[in-house]
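Single-structure report; data block below.
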Amino acid sequence: MLIKIKRGWELPEAAATPECVYVNRRQLLKTMALGSIAVGSIGLLAGCDEAPAPEAQAAATPQPDPSADLYPVPRNPAYTISRPLTDEKLATTYNNFYEFGSSKNIWQAAQALEIRPWTVAISGMVEQPMEIGIDDLLAKMPLEERLYRHRCVERWSMTVPWSGFPLRALVEMARPLSSAKYLKMVTFEDSKMAPGQRAAWYPWPYVEGLTMAEATNELSFIATGLYGKPIPRQNGAPLRLAVPWKYGFKSVKSIVSFEFTDTQPVSFWETILGNEYGFWANVNPEVPHPRWSQAYEQPLGTDEKVPTQIYNGYGSYVADLYKGMEDQERTFM
Ligand code: MTE
C-alpha cells in the first residue's frame, strides 16, 4: 500500500487539487488498500473526465503551426511495423498530458499550448551551453518518418507514424563532455496556459531522463510530426521524446530543456510514486505493475488483448544496454 509522506513544497491536497482529482485519488488509495483495481479504470493516478478549463476552451482556435511546410518527410524503411496503424483520430484524441488535465480527453484543452516562440535550452555538461529556437533546430536536424509502437504503462497501445529526428543528432550538436552520464529533459512550465499545472500537488514541471547510452541509441527519437503533419499540441508539440522500448510515460512532451548531467534524473512519476514508476521503465510482460498485470496490451480502437513483448518488441536494438544490470536495478519498472 502506498504511504505518501508530504514534502515541504506540497500544499495540503484538498487545498491544491481540483476536487474531482482529489476525490478520485482518495478513491484510488482506498482501492489500492483493498488490493484490487478494476481493469477498465487503470490510470497512472485516477483522474476524472473533467471538462477543459474555461480559459482553455476560450483558446480553442490555435495559431497555425509554422512548420507545416516541412511535412510530410521521407519514411525511413528501417522502422516499419506489421501491425495496422492506429486511427489518427484516436491517437490524437485519447491522450495523457497531465498539464492539461488528468483525463484522456484533454485534446481541446491542449489547444491553449502556445508553440511559438519556443526556445530549447541545451545546458549542463556541454562544451558550450546554448539556446535555440524550434524552427532553427528543425532546419538543422535530419527529418524522417518512423513507424513506432507506443505502449502505455496503463496497457493501451498504439502504432503511429512519428516524424522527427534521432535524439543522437541533437546530442551530437550539443557536444556533451565525456563526464556527462545522463540526459535530463523537461517540459514547459506555465500554469496560465496549462490548467493542470495549477494542481500544486504534482511536482511540476514534468521531467524525464535517459542514460547517455540510451539517448544515443538509434531508436531514441525526437518527434516533431505525426501522421505526416506537425505534431498536434495534445501529443506534445513542438517536440517530444519517443523511446518505444519503454513505457509511454518516459516519452516526455513539449520539451524546453535538455540538460547533460552526471546525476541520475528523478522523473515526474518517480517523484510521485517511486515504487510504481522507476527510472528505467523498460517494457516487460513478466514484470507486473504493482497494481495490474503487464502481460497483455490493448491496441487503441480494438477489444483485442495482444501479448506484450519484452522491450515492446525492440530487444534487438536495446537489450544489450541492460546486460547484467537486472540484479542491481529495477530495469523493468
Ligand atoms: N509528457 C508530459 N509533459 N506530460 C504528461 O502527462 N504523459 C506521458 C507521456 N509524456 C505525459 C508526457 C504518458 S503517461 C504517456 S502514455 C504519453 O505521454 C502519451 O502520449 P500520447 O498522448 O501522445 O499518446
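Following the order of the C-alpha cells, chains are lettered A, B, ..., residues in each are numbered from 1, and ligands are numbered from 1.
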Just the strand (DSSP E) stuff from stretch 197-259 of chain A, please, per backbone DSSP, written as a VMD selection string.
chain A and resid 207 to 211 221 to 226 229 to 230 240 to 242 255 to 259
Could you turn the residues from that selection into a file that holds all heavy atoms, as a short mmCIF file (atom, residue, chain, number, x, y, z; two decimals), in the first residue's frame?
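Resulting contents of again.cif:
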```
data_model
loop_
_atom_site.label_atom_id
_atom_site.label_comp_id
_atom_site.auth_asym_id
_atom_site.auth_seq_id
_atom_site.Cartn_x
_atom_site.Cartn_y
_atom_site.Cartn_z
N VAL A 207 9.44 15.93 -15.79
CA VAL A 207 10.87 15.67 -16.04
C VAL A 207 11.03 14.21 -16.43
O VAL A 207 10.34 13.34 -15.89
CB VAL A 207 11.68 15.92 -14.74
CG1 VAL A 207 13.11 15.42 -14.88
CG2 VAL A 207 11.66 17.38 -14.36
N GLU A 208 11.90 13.95 -17.35
CA GLU A 208 12.29 12.57 -17.66
C GLU A 208 13.79 12.51 -17.95
O GLU A 208 14.42 13.56 -18.13
CB GLU A 208 11.50 12.02 -18.86
CG GLU A 208 10.33 11.14 -18.45
CD GLU A 208 10.70 10.00 -17.50
OE1 GLU A 208 11.89 9.61 -17.46
OE2 GLU A 208 9.84 9.50 -16.80
N GLY A 209 14.34 11.33 -17.95
CA GLY A 209 15.77 11.20 -18.21
C GLY A 209 16.14 9.88 -18.85
O GLY A 209 15.39 8.89 -18.76
N LEU A 210 17.26 9.90 -19.53
CA LEU A 210 17.84 8.70 -20.15
C LEU A 210 19.32 8.67 -19.82
O LEU A 210 19.93 9.73 -19.57
CB LEU A 210 17.69 8.75 -21.68
CG LEU A 210 16.29 8.77 -22.28
CD1 LEU A 210 16.38 9.01 -23.79
CD2 LEU A 210 15.55 7.45 -22.01
N THR A 211 19.92 7.50 -19.85
CA THR A 211 21.39 7.46 -19.80
C THR A 211 21.91 7.93 -21.16
O THR A 211 21.18 7.92 -22.16
CB THR A 211 21.92 6.04 -19.55
OG1 THR A 211 21.54 5.23 -20.68
CG2 THR A 211 21.37 5.44 -18.26
N PHE A 221 14.18 8.89 -30.36
CA PHE A 221 13.71 9.77 -31.44
C PHE A 221 13.03 10.99 -30.85
O PHE A 221 12.32 10.89 -29.83
CB PHE A 221 12.72 8.96 -32.28
CG PHE A 221 12.42 9.51 -33.64
CD1 PHE A 221 13.42 9.60 -34.60
CD2 PHE A 221 11.13 9.90 -34.00
CE1 PHE A 221 13.16 10.08 -35.88
CE2 PHE A 221 10.85 10.38 -35.26
CZ PHE A 221 11.86 10.47 -36.21
N ILE A 222 13.25 12.14 -31.43
CA ILE A 222 12.50 13.33 -31.05
C ILE A 222 11.42 13.55 -32.11
O ILE A 222 11.73 13.79 -33.28
CB ILE A 222 13.42 14.58 -30.95
CG1 ILE A 222 14.41 14.41 -29.81
CG2 ILE A 222 12.58 15.84 -30.77
CD1 ILE A 222 13.81 14.43 -28.41
N ALA A 223 10.18 13.41 -31.68
CA ALA A 223 9.06 13.53 -32.62
C ALA A 223 8.63 14.99 -32.71
O ALA A 223 8.38 15.65 -31.69
CB ALA A 223 7.90 12.67 -32.16
N THR A 224 8.55 15.46 -33.95
CA THR A 224 8.10 16.83 -34.21
C THR A 224 6.88 16.82 -35.15
O THR A 224 6.31 17.87 -35.44
CB THR A 224 9.23 17.66 -34.85
OG1 THR A 224 9.60 17.04 -36.10
CG2 THR A 224 10.45 17.74 -33.96
N GLY A 225 6.53 15.64 -35.62
CA GLY A 225 5.39 15.50 -36.51
C GLY A 225 4.68 14.18 -36.24
O GLY A 225 5.23 13.28 -35.58
N LEU A 226 3.45 14.08 -36.73
CA LEU A 226 2.64 12.87 -36.54
C LEU A 226 1.69 12.77 -37.74
O LEU A 226 1.08 13.79 -38.11
CB LEU A 226 1.89 13.00 -35.21
CG LEU A 226 1.10 11.80 -34.70
CD1 LEU A 226 1.99 10.59 -34.50
CD2 LEU A 226 0.43 12.15 -33.35
N LYS A 229 2.17 15.39 -40.55
CA LYS A 229 1.88 16.81 -40.27
C LYS A 229 2.63 17.20 -39.01
O LYS A 229 3.12 16.32 -38.29
CB LYS A 229 0.37 16.98 -40.03
CG LYS A 229 -0.47 16.81 -41.26
CD LYS A 229 -1.96 16.78 -40.93
CE LYS A 229 -2.39 15.37 -40.59
NZ LYS A 229 -3.79 15.10 -40.53
N PRO A 230 2.70 18.51 -38.71
CA PRO A 230 3.32 18.88 -37.44
C PRO A 230 2.62 18.17 -36.28
O PRO A 230 1.41 17.94 -36.33
CB PRO A 230 3.09 20.40 -37.35
CG PRO A 230 2.84 20.84 -38.75
CD PRO A 230 2.21 19.68 -39.46
N ARG A 240 8.69 16.18 -28.76
CA ARG A 240 8.54 15.24 -27.65
C ARG A 240 9.41 14.02 -27.93
O ARG A 240 9.76 13.73 -29.09
CB ARG A 240 7.09 14.86 -27.41
CG ARG A 240 6.30 14.16 -28.49
CD ARG A 240 6.39 12.66 -28.58
NE ARG A 240 5.90 11.81 -27.53
CZ ARG A 240 4.65 11.42 -27.33
NH1 ARG A 240 3.67 11.91 -28.06
NH2 ARG A 240 4.36 10.53 -26.43
N LEU A 241 9.73 13.33 -26.85
CA LEU A 241 10.56 12.14 -26.97
C LEU A 241 9.72 10.94 -27.40
O LEU A 241 8.54 10.85 -27.05
CB LEU A 241 11.19 11.87 -25.59
CG LEU A 241 12.17 10.73 -25.48
CD1 LEU A 241 13.44 10.99 -26.30
CD2 LEU A 241 12.56 10.50 -24.00
N ALA A 242 10.33 10.01 -28.15
CA ALA A 242 9.69 8.70 -28.43
C ALA A 242 10.75 7.63 -28.21
O ALA A 242 11.74 7.57 -28.95
CB ALA A 242 9.15 8.67 -29.86
N ILE A 255 9.10 19.59 -24.88
CA ILE A 255 10.36 19.76 -24.15
C ILE A 255 10.91 21.18 -24.35
O ILE A 255 10.94 21.70 -25.47
CB ILE A 255 11.40 18.73 -24.66
CG1 ILE A 255 10.86 17.30 -24.47
CG2 ILE A 255 12.75 18.90 -23.95
CD1 ILE A 255 11.69 16.24 -25.17
N VAL A 256 11.39 21.78 -23.26
CA VAL A 256 12.07 23.09 -23.36
C VAL A 256 13.52 23.01 -22.92
O VAL A 256 14.28 23.95 -23.14
CB VAL A 256 11.37 24.19 -22.52
CG1 VAL A 256 10.01 24.54 -23.10
CG2 VAL A 256 11.26 23.79 -21.06
N SER A 257 13.93 21.88 -22.30
CA SER A 257 15.29 21.84 -21.77
C SER A 257 15.90 20.44 -21.92
O SER A 257 15.25 19.44 -21.58
CB SER A 257 15.27 22.25 -20.30
OG SER A 257 16.44 21.84 -19.64
N PHE A 258 17.12 20.42 -22.43
CA PHE A 258 17.94 19.21 -22.48
C PHE A 258 19.18 19.50 -21.64
O PHE A 258 19.99 20.35 -22.02
CB PHE A 258 18.37 18.89 -23.91
CG PHE A 258 17.25 18.50 -24.83
CD1 PHE A 258 16.52 19.46 -25.51
CD2 PHE A 258 16.93 17.15 -25.02
CE1 PHE A 258 15.49 19.10 -26.37
CE2 PHE A 258 15.89 16.78 -25.88
CZ PHE A 258 15.18 17.76 -26.55
N GLU A 259 19.31 18.83 -20.51
CA GLU A 259 20.45 19.10 -19.63
C GLU A 259 21.31 17.85 -19.50
O GLU A 259 20.80 16.78 -19.12
CB GLU A 259 19.95 19.54 -18.25
CG GLU A 259 21.08 19.87 -17.30
CD GLU A 259 20.60 20.08 -15.86
OE1 GLU A 259 19.41 20.36 -15.64
OE2 GLU A 259 21.44 19.93 -14.96
#
```
Using only C-alpha atoms and all ligand atoms, determine which residues fall within 9 Å of ligand 1, then list them as a PyMOL selection string.
chain A and resi 43-44+91-102+104+107+150-154+156-158+186-188+205-208+232+234-236+240-242+247-255+268-269
Write a file of the just-selected residues containing C-alpha atoms, as an mmCIF file, in the first residue's frame.
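Wrote selection25.cif, looks like this:
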```
data_model
loop_
_atom_site.group_PDB
_atom_site.id
_atom_site.type_symbol
_atom_site.label_atom_id
_atom_site.label_comp_id
_atom_site.auth_asym_id
_atom_site.auth_seq_id
_atom_site.Cartn_x
_atom_site.Cartn_y
_atom_site.Cartn_z
ATOM 1 C CA GLY A 43 -4.647 5.004 -14.814
ATOM 2 C CA LEU A 44 -1.321 6.390 -13.686
ATOM 3 C CA ALA A 91 -4.183 8.748 -31.427
ATOM 4 C CA THR A 92 -4.880 12.472 -31.328
ATOM 5 C CA THR A 93 -7.947 12.463 -29.063
ATOM 6 C CA TYR A 94 -7.002 9.851 -26.439
ATOM 7 C CA ASN A 95 -4.001 11.318 -24.653
ATOM 8 C CA ASN A 96 -2.078 11.586 -21.440
ATOM 9 C CA PHE A 97 -0.937 15.162 -20.880
ATOM 10 C CA TYR A 98 -1.436 15.983 -17.215
ATOM 11 C CA GLU A 99 -0.525 19.624 -17.791
ATOM 12 C CA PHE A 100 -3.977 19.935 -19.386
ATOM 13 C CA GLY A 101 -5.922 17.590 -17.096
ATOM 14 C CA SER A 102 -5.834 14.075 -15.778
ATOM 15 C CA LYS A 104 -7.719 11.132 -21.572
ATOM 16 C CA TRP A 107 -7.083 17.393 -26.653
ATOM 17 C CA HIS A 150 3.862 3.035 -28.172
ATOM 18 C CA ARG A 151 2.953 1.050 -25.049
ATOM 19 C CA CYS A 152 1.463 2.983 -22.144
ATOM 20 C CA VAL A 153 2.039 1.577 -18.656
ATOM 21 C CA GLU A 154 -1.778 1.653 -18.350
ATOM 22 C CA TRP A 156 -3.303 0.728 -24.003
ATOM 23 C CA SER A 157 -1.040 0.832 -27.025
ATOM 24 C CA MET A 158 -0.851 2.428 -30.445
ATOM 25 C CA VAL A 186 11.998 18.950 -19.044
ATOM 26 C CA THR A 187 8.561 20.110 -20.227
ATOM 27 C CA PHE A 188 7.491 23.792 -20.271
ATOM 28 C CA PRO A 205 7.488 20.607 -14.413
ATOM 29 C CA TYR A 206 7.352 17.129 -15.970
ATOM 30 C CA VAL A 207 10.869 15.673 -16.040
ATOM 31 C CA GLU A 208 12.295 12.566 -17.663
ATOM 32 C CA PRO A 232 -0.506 18.198 -32.544
ATOM 33 C CA GLN A 234 -2.057 17.269 -27.360
ATOM 34 C CA ASN A 235 0.667 14.834 -28.481
ATOM 35 C CA GLY A 236 3.468 17.085 -27.238
ATOM 36 C CA ARG A 240 8.542 15.235 -27.650
ATOM 37 C CA LEU A 241 10.564 12.141 -26.966
ATOM 38 C CA ALA A 242 9.692 8.704 -28.434
ATOM 39 C CA TYR A 247 6.579 2.583 -21.089
ATOM 40 C CA GLY A 248 4.950 5.685 -22.560
ATOM 41 C CA PHE A 249 5.433 7.933 -19.529
ATOM 42 C CA LYS A 250 9.140 8.151 -20.417
ATOM 43 C CA SER A 251 8.196 9.933 -23.661
ATOM 44 C CA VAL A 252 8.191 13.455 -22.264
ATOM 45 C CA LYS A 253 6.180 16.020 -24.226
ATOM 46 C CA SER A 254 6.699 19.679 -25.175
ATOM 47 C CA ILE A 255 10.362 19.760 -24.146
ATOM 48 C CA PHE A 268 7.913 13.258 -12.523
ATOM 49 C CA TRP A 269 6.225 9.915 -11.882
#
```
Per DSSP on the backbone, what are the helix (DSSP H, G or I) residues of stretch 59-227 of chain A, as a VMD selection string?
chain A and resid 68 to 70 88 to 91 98 to 100 109 to 112 134 to 140 167 to 174 195 to 198 212 to 215
What separation in Å, quoted to one decimal, exists between atom CA of A:Pro203 and atom CA of A:Ser163?
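The value is 29.7 Å.
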Residues near A:Ala139, cut-off 12 Å, only C-alpha atoms, skip fewer than 5 positions along chain, as a PDB file with N, CA and C atoms, in the first residue's frame:
```
ATOM      1  N   SER A  67       5.608  25.255 -38.962  1.00  0.00           N
ATOM      2  CA  SER A  67       6.478  24.239 -39.564  1.00  0.00           C
ATOM      3  C   SER A  67       5.722  23.337 -40.546  1.00  0.00           C
ATOM      4  N   ASP A  69       4.976  23.332 -43.584  1.00  0.00           N
ATOM      5  CA  ASP A  69       5.531  23.075 -44.918  1.00  0.00           C
ATOM      6  C   ASP A  69       6.629  22.007 -44.909  1.00  0.00           C
ATOM      7  N   LEU A  70       7.162  21.700 -43.729  1.00  0.00           N
ATOM      8  CA  LEU A  70       8.249  20.697 -43.671  1.00  0.00           C
ATOM      9  C   LEU A  70       7.749  19.268 -43.894  1.00  0.00           C
ATOM     10  N   ILE A 132      18.242  27.562 -28.538  1.00  0.00           N
ATOM     11  CA  ILE A 132      17.942  27.539 -29.979  1.00  0.00           C
ATOM     12  C   ILE A 132      16.426  27.527 -30.170  1.00  0.00           C
ATOM     13  N   GLY A 133      15.951  28.340 -31.094  1.00  0.00           N
ATOM     14  CA  GLY A 133      14.520  28.381 -31.408  1.00  0.00           C
ATOM     15  C   GLY A 133      14.130  27.105 -32.152  1.00  0.00           C
ATOM     16  N   ILE A 134      12.903  26.685 -31.979  1.00  0.00           N
ATOM     17  CA  ILE A 134      12.470  25.411 -32.565  1.00  0.00           C
ATOM     18  C   ILE A 134      12.637  25.399 -34.086  1.00  0.00           C
ATOM     19  N   GLY A 164      10.312  13.293 -37.281  1.00  0.00           N
ATOM     20  CA  GLY A 164      11.223  13.947 -36.352  1.00  0.00           C
ATOM     21  C   GLY A 164      12.658  13.596 -36.677  1.00  0.00           C
ATOM     22  N   PHE A 165      13.496  13.546 -35.655  1.00  0.00           N
ATOM     23  CA  PHE A 165      14.917  13.274 -35.892  1.00  0.00           C
ATOM     24  C   PHE A 165      15.473  12.427 -34.759  1.00  0.00           C
ATOM     25  N   THR A 224       8.552  15.464 -33.947  1.00  0.00           N
ATOM     26  CA  THR A 224       8.099  16.834 -34.205  1.00  0.00           C
ATOM     27  C   THR A 224       6.883  16.822 -35.146  1.00  0.00           C
TER      28      THR A 224
END
```
Return the single residue from A:Ile81, A:Ile106, A:Leu167, A:Met125 that is closest to A:Met141, with distances computed using only C-alpha atoms.
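Smallest separation from A:Met141 among the options: A:Leu167.
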Near A:Phe260, counting only C-alpha atoms, which residues have an atom at most 10 Å away, once you skip same-chain residues fewer than 6 positions from it, shown as a list in words?
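Using only C-alpha atoms, the neighbours found are Ile122, Ser123, Gly124, Met125, Val126, Pro129, Val171, Ala174, Arg175, Pro176, Leu177, Ser179, Ala180, Lys181, Tyr182, Leu183, Lys184, Met185, Gly209, Leu210, Thr211 and Met212 of chain A.
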With distances taken over only C-alpha atoms, which of A:Val318, A:Trp162, A:Met333, A:Ala68 is nearest to A:Thr86?
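Looking at the shortest contact to A:Thr86, the residue is A:Trp162.
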Name the closest residue to A:Tyr277 among the candidates A:Pro307, A:Trp204, A:Thr302, A:Phe332; distances are taken between atoms, counting only C-alpha atoms.
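Smallest distance to A:Tyr277 is found for A:Phe332.
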Determine, counting only C-alpha atoms, which protein, DNA and RNA residues have an atom within 12 Å of an atom of A:Ala78; residues of the same chain fewer than 6 positions away are not included. Present the result as a PyMOL selection string.
chain A and resi 144-148+218-219+317
